[in-house]
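The data block below is my_file06.cif; it holds mmCIF, C-alpha atoms.
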data_model
#
loop_
_atom_site.group_PDB
_atom_site.id
_atom_site.type_symbol
_atom_site.label_atom_id
_atom_site.label_comp_id
_atom_site.auth_asym_id
_atom_site.auth_seq_id
_atom_site.Cartn_x
_atom_site.Cartn_y
_atom_site.Cartn_z
ATOM 1 C CA MET A 110 129.331 120.506 110.649
ATOM 2 C CA VAL A 111 125.700 120.522 109.550
ATOM 3 C CA TRP A 112 123.782 117.285 109.953
ATOM 4 C CA ASP A 113 121.106 116.262 107.473
ATOM 5 C CA PHE A 114 118.261 114.461 109.239
ATOM 6 C CA SER A 115 115.928 114.267 106.253
ATOM 7 C CA ASP A 116 116.457 110.492 105.978
ATOM 8 C CA LEU A 117 115.497 110.087 109.640
ATOM 9 C CA THR A 118 112.331 112.120 109.109
ATOM 10 C CA LYS A 119 111.386 110.103 106.027
ATOM 11 C CA ARG A 120 112.040 106.719 107.662
ATOM 12 C CA LEU A 121 110.263 107.748 110.867
ATOM 13 C CA LYS A 122 107.141 108.844 108.985
ATOM 14 C CA GLU A 123 107.162 105.673 106.919
ATOM 15 C CA THR A 124 107.602 103.453 109.973
ATOM 16 C CA VAL A 125 104.839 105.166 111.957
ATOM 17 C CA GLU A 126 102.446 104.846 109.006
ATOM 18 C CA ASN A 127 103.293 101.148 108.569
ATOM 19 C CA SER A 128 102.984 100.430 112.294
ATOM 20 C CA GLY A 129 99.260 101.134 112.358
ATOM 21 C CA LEU A 130 99.743 103.352 115.416
ATOM 22 C CA THR A 131 98.278 106.820 115.587
ATOM 23 C CA VAL A 132 100.422 109.665 116.863
ATOM 24 C CA THR A 133 98.279 109.630 120.013
ATOM 25 C CA GLU A 134 98.986 105.936 120.586
ATOM 26 C CA LEU A 135 102.698 106.447 119.939
ATOM 27 C CA SER A 136 102.650 109.304 122.428
ATOM 28 C CA GLN A 137 101.055 107.068 125.055
ATOM 29 C CA LYS A 138 103.592 104.287 124.440
ATOM 30 C CA THR A 139 106.624 106.582 124.569
ATOM 31 C CA GLY A 140 105.623 109.329 126.991
ATOM 32 C CA ILE A 141 106.568 111.904 124.335
ATOM 33 C CA SER A 142 104.013 114.632 123.724
ATOM 34 C CA ILE A 143 101.881 114.564 120.597
ATOM 35 C CA ARG A 144 103.170 118.002 119.581
ATOM 36 C CA THR A 145 106.790 116.866 119.847
ATOM 37 C CA LEU A 146 106.102 113.696 117.845
ATOM 38 C CA LYS A 147 104.359 115.746 115.160
ATOM 39 C CA ASP A 148 107.379 118.064 115.020
ATOM 40 C CA TYR A 149 109.656 115.020 114.550
ATOM 41 C CA LEU A 150 107.419 113.685 111.787
ATOM 42 C CA ALA A 151 107.401 117.082 110.063
ATOM 43 C CA GLY A 152 111.181 117.438 110.303
ATOM 44 C CA LYS A 153 110.887 120.553 112.476
ATOM 45 C CA ARG A 154 112.772 118.915 115.356
ATOM 46 C CA TYR A 155 114.841 115.791 115.827
ATOM 47 C CA PRO A 156 114.813 113.384 118.767
ATOM 48 C CA HIS A 157 117.805 113.072 121.065
ATOM 49 C CA ALA A 158 119.148 109.568 121.655
ATOM 50 C CA GLY A 159 116.886 108.727 124.611
ATOM 51 C CA ARG A 160 113.726 109.686 122.789
ATOM 52 C CA LEU A 161 114.848 107.967 119.608
ATOM 53 C CA MET A 162 115.258 104.772 121.616
ATOM 54 C CA LYS A 163 111.745 105.123 123.086
ATOM 55 C CA ILE A 164 110.289 105.670 119.618
ATOM 56 C CA SER A 165 112.175 102.786 118.026
ATOM 57 C CA ASN A 166 111.177 100.429 120.858
ATOM 58 C CA ALA A 167 107.510 101.428 120.527
ATOM 59 C CA LEU A 168 107.659 100.865 116.764
ATOM 60 C CA GLY A 169 109.547 97.576 117.044
ATOM 61 C CA VAL A 170 112.568 98.685 115.019
ATOM 62 C CA SER A 171 116.173 99.529 115.815
ATOM 63 C CA CYS A 172 117.569 103.039 116.049
ATOM 64 C CA ASP A 173 119.925 102.078 113.202
ATOM 65 C CA TYR A 174 116.899 101.295 111.057
ATOM 66 C CA LEU A 175 115.609 104.833 111.579
ATOM 67 C CA LEU A 176 118.959 106.594 111.325
ATOM 68 C CA PHE A 177 120.629 104.725 108.474
ATOM 69 C CA PRO A 178 118.011 103.684 105.898
ATOM 70 C CA ASP A 179 120.667 103.009 103.258
ATOM 71 C CA ARG A 180 122.506 100.527 105.465
ATOM 72 C CA ILE A 181 119.632 98.581 107.023
ATOM 73 C CA ASN A 182 116.834 96.889 105.109
#
Would you mind writing the file out in structure tokens?
Amino acid sequence: MVWDFSDLTKRLKETVENSGLTVTELSQKTGISIRTLKDYLAGKRYPHAGRLMKISNALGVSCDYLLFPDRIN
């Protein structure tokens, strides 16, 4: 099975932009490297569950919000 994470990438980029945080600040809040965060935002890589939780907590949203944009408003 091939998973399509394009919705996650789109929602993540949108949420980071709306948060007012820079990638550097998000990196400091999550402990995830800037390079890795940039790869997530570019859709080159996708976060595993633990990192997705760190990112969602730092952005003040749920993991469901990032993963299922059609289900959560």
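The closest residue to A:Gly129, picked from A:Asp148, A:Lys153, A:Leu168, A:Arg160 and counting only C-alpha atoms, is A:Leu168.
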Write out as a PDB file with C-alpha atoms, in the frame of the given file each polymer residue whose atoms come within 10 Å of A:Lys138, counting all atoms listed in the file; drop sequence neighbours fewer than 6 positions from it.
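Writing the result to selection12.pdb gives the following:
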ATOM      1  CA  LEU A 130      99.743 103.352 115.416  1.00  0.00           C
ATOM      2  CA  VAL A 132     100.422 109.665 116.863  1.00  0.00           C
ATOM      3  CA  LYS A 163     111.745 105.123 123.086  1.00  0.00           C
ATOM      4  CA  ILE A 164     110.289 105.670 119.618  1.00  0.00           C
ATOM      5  CA  ASN A 166     111.177 100.429 120.858  1.00  0.00           C
ATOM      6  CA  ALA A 167     107.510 101.428 120.527  1.00  0.00           C
ATOM      7  CA  LEU A 168     107.659 100.865 116.764  1.00  0.00           C
TER       8      LEU A 168
END
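Picked out by the PyMOL selection byres ((chain A and resi 172) around 12) when it runs on this file: Leu117, Arg120, Leu121, Thr124, Pro156, His157, Ala158, Gly159, Arg160, Leu161, Met162, Lys163, Ile164, Ser165, Asn166, Ala167, Leu168, Gly169, Val170, Ser171, Asp173, Tyr174, Leu175, Leu176, Phe177, Pro178, Arg180 and Ile181 of chain A.
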Task: Nearest residue to A:Thr118 from the set A:Ser136, A:Thr131, A:Leu150, A:Ile143 (distances using only C-alpha atoms) - done: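 Closest to A:Thr118, using only C-alpha atoms: A:Leu150.
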- [ ] Measure the distance from atom CA of A:Glu126 to atom CA of A:Asp113 in Å and round it to one decimal.
- [x] 21.9 Å
Task: atom CA of A:Trp112 to atom CA of A:Glu134, straight-line distance in Å - done: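 Those two atoms sit 29.3 Å apart.
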Quick one: 6 Å padding each side, axis-aligned, all listed atoms of stretch 151-160 of chain A - centre and edge lengths in Å to one decimal, as JSON?
{"center_x": 113.3, "center_y": 114.6, "center_z": 117.3, "size_x": 23.7, "size_y": 23.8, "size_z": 26.5}
Task: From A:Asp179, A:Ser142, A:Ser128, A:Lys147, residue lying nearest A:Asp116 [all atoms listed in the file] - done: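 Among the listed residues, the smallest separation from A:Asp116 belongs to A:Asp179.
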Task: Straight-line distance linking atom CA of A:Gly152 with atom CA of A:Lys122, stated in Å to one decimal - done: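 Atom CA of A:Lys122 lies at a distance of 9.6 Å from atom CA of A:Gly152.
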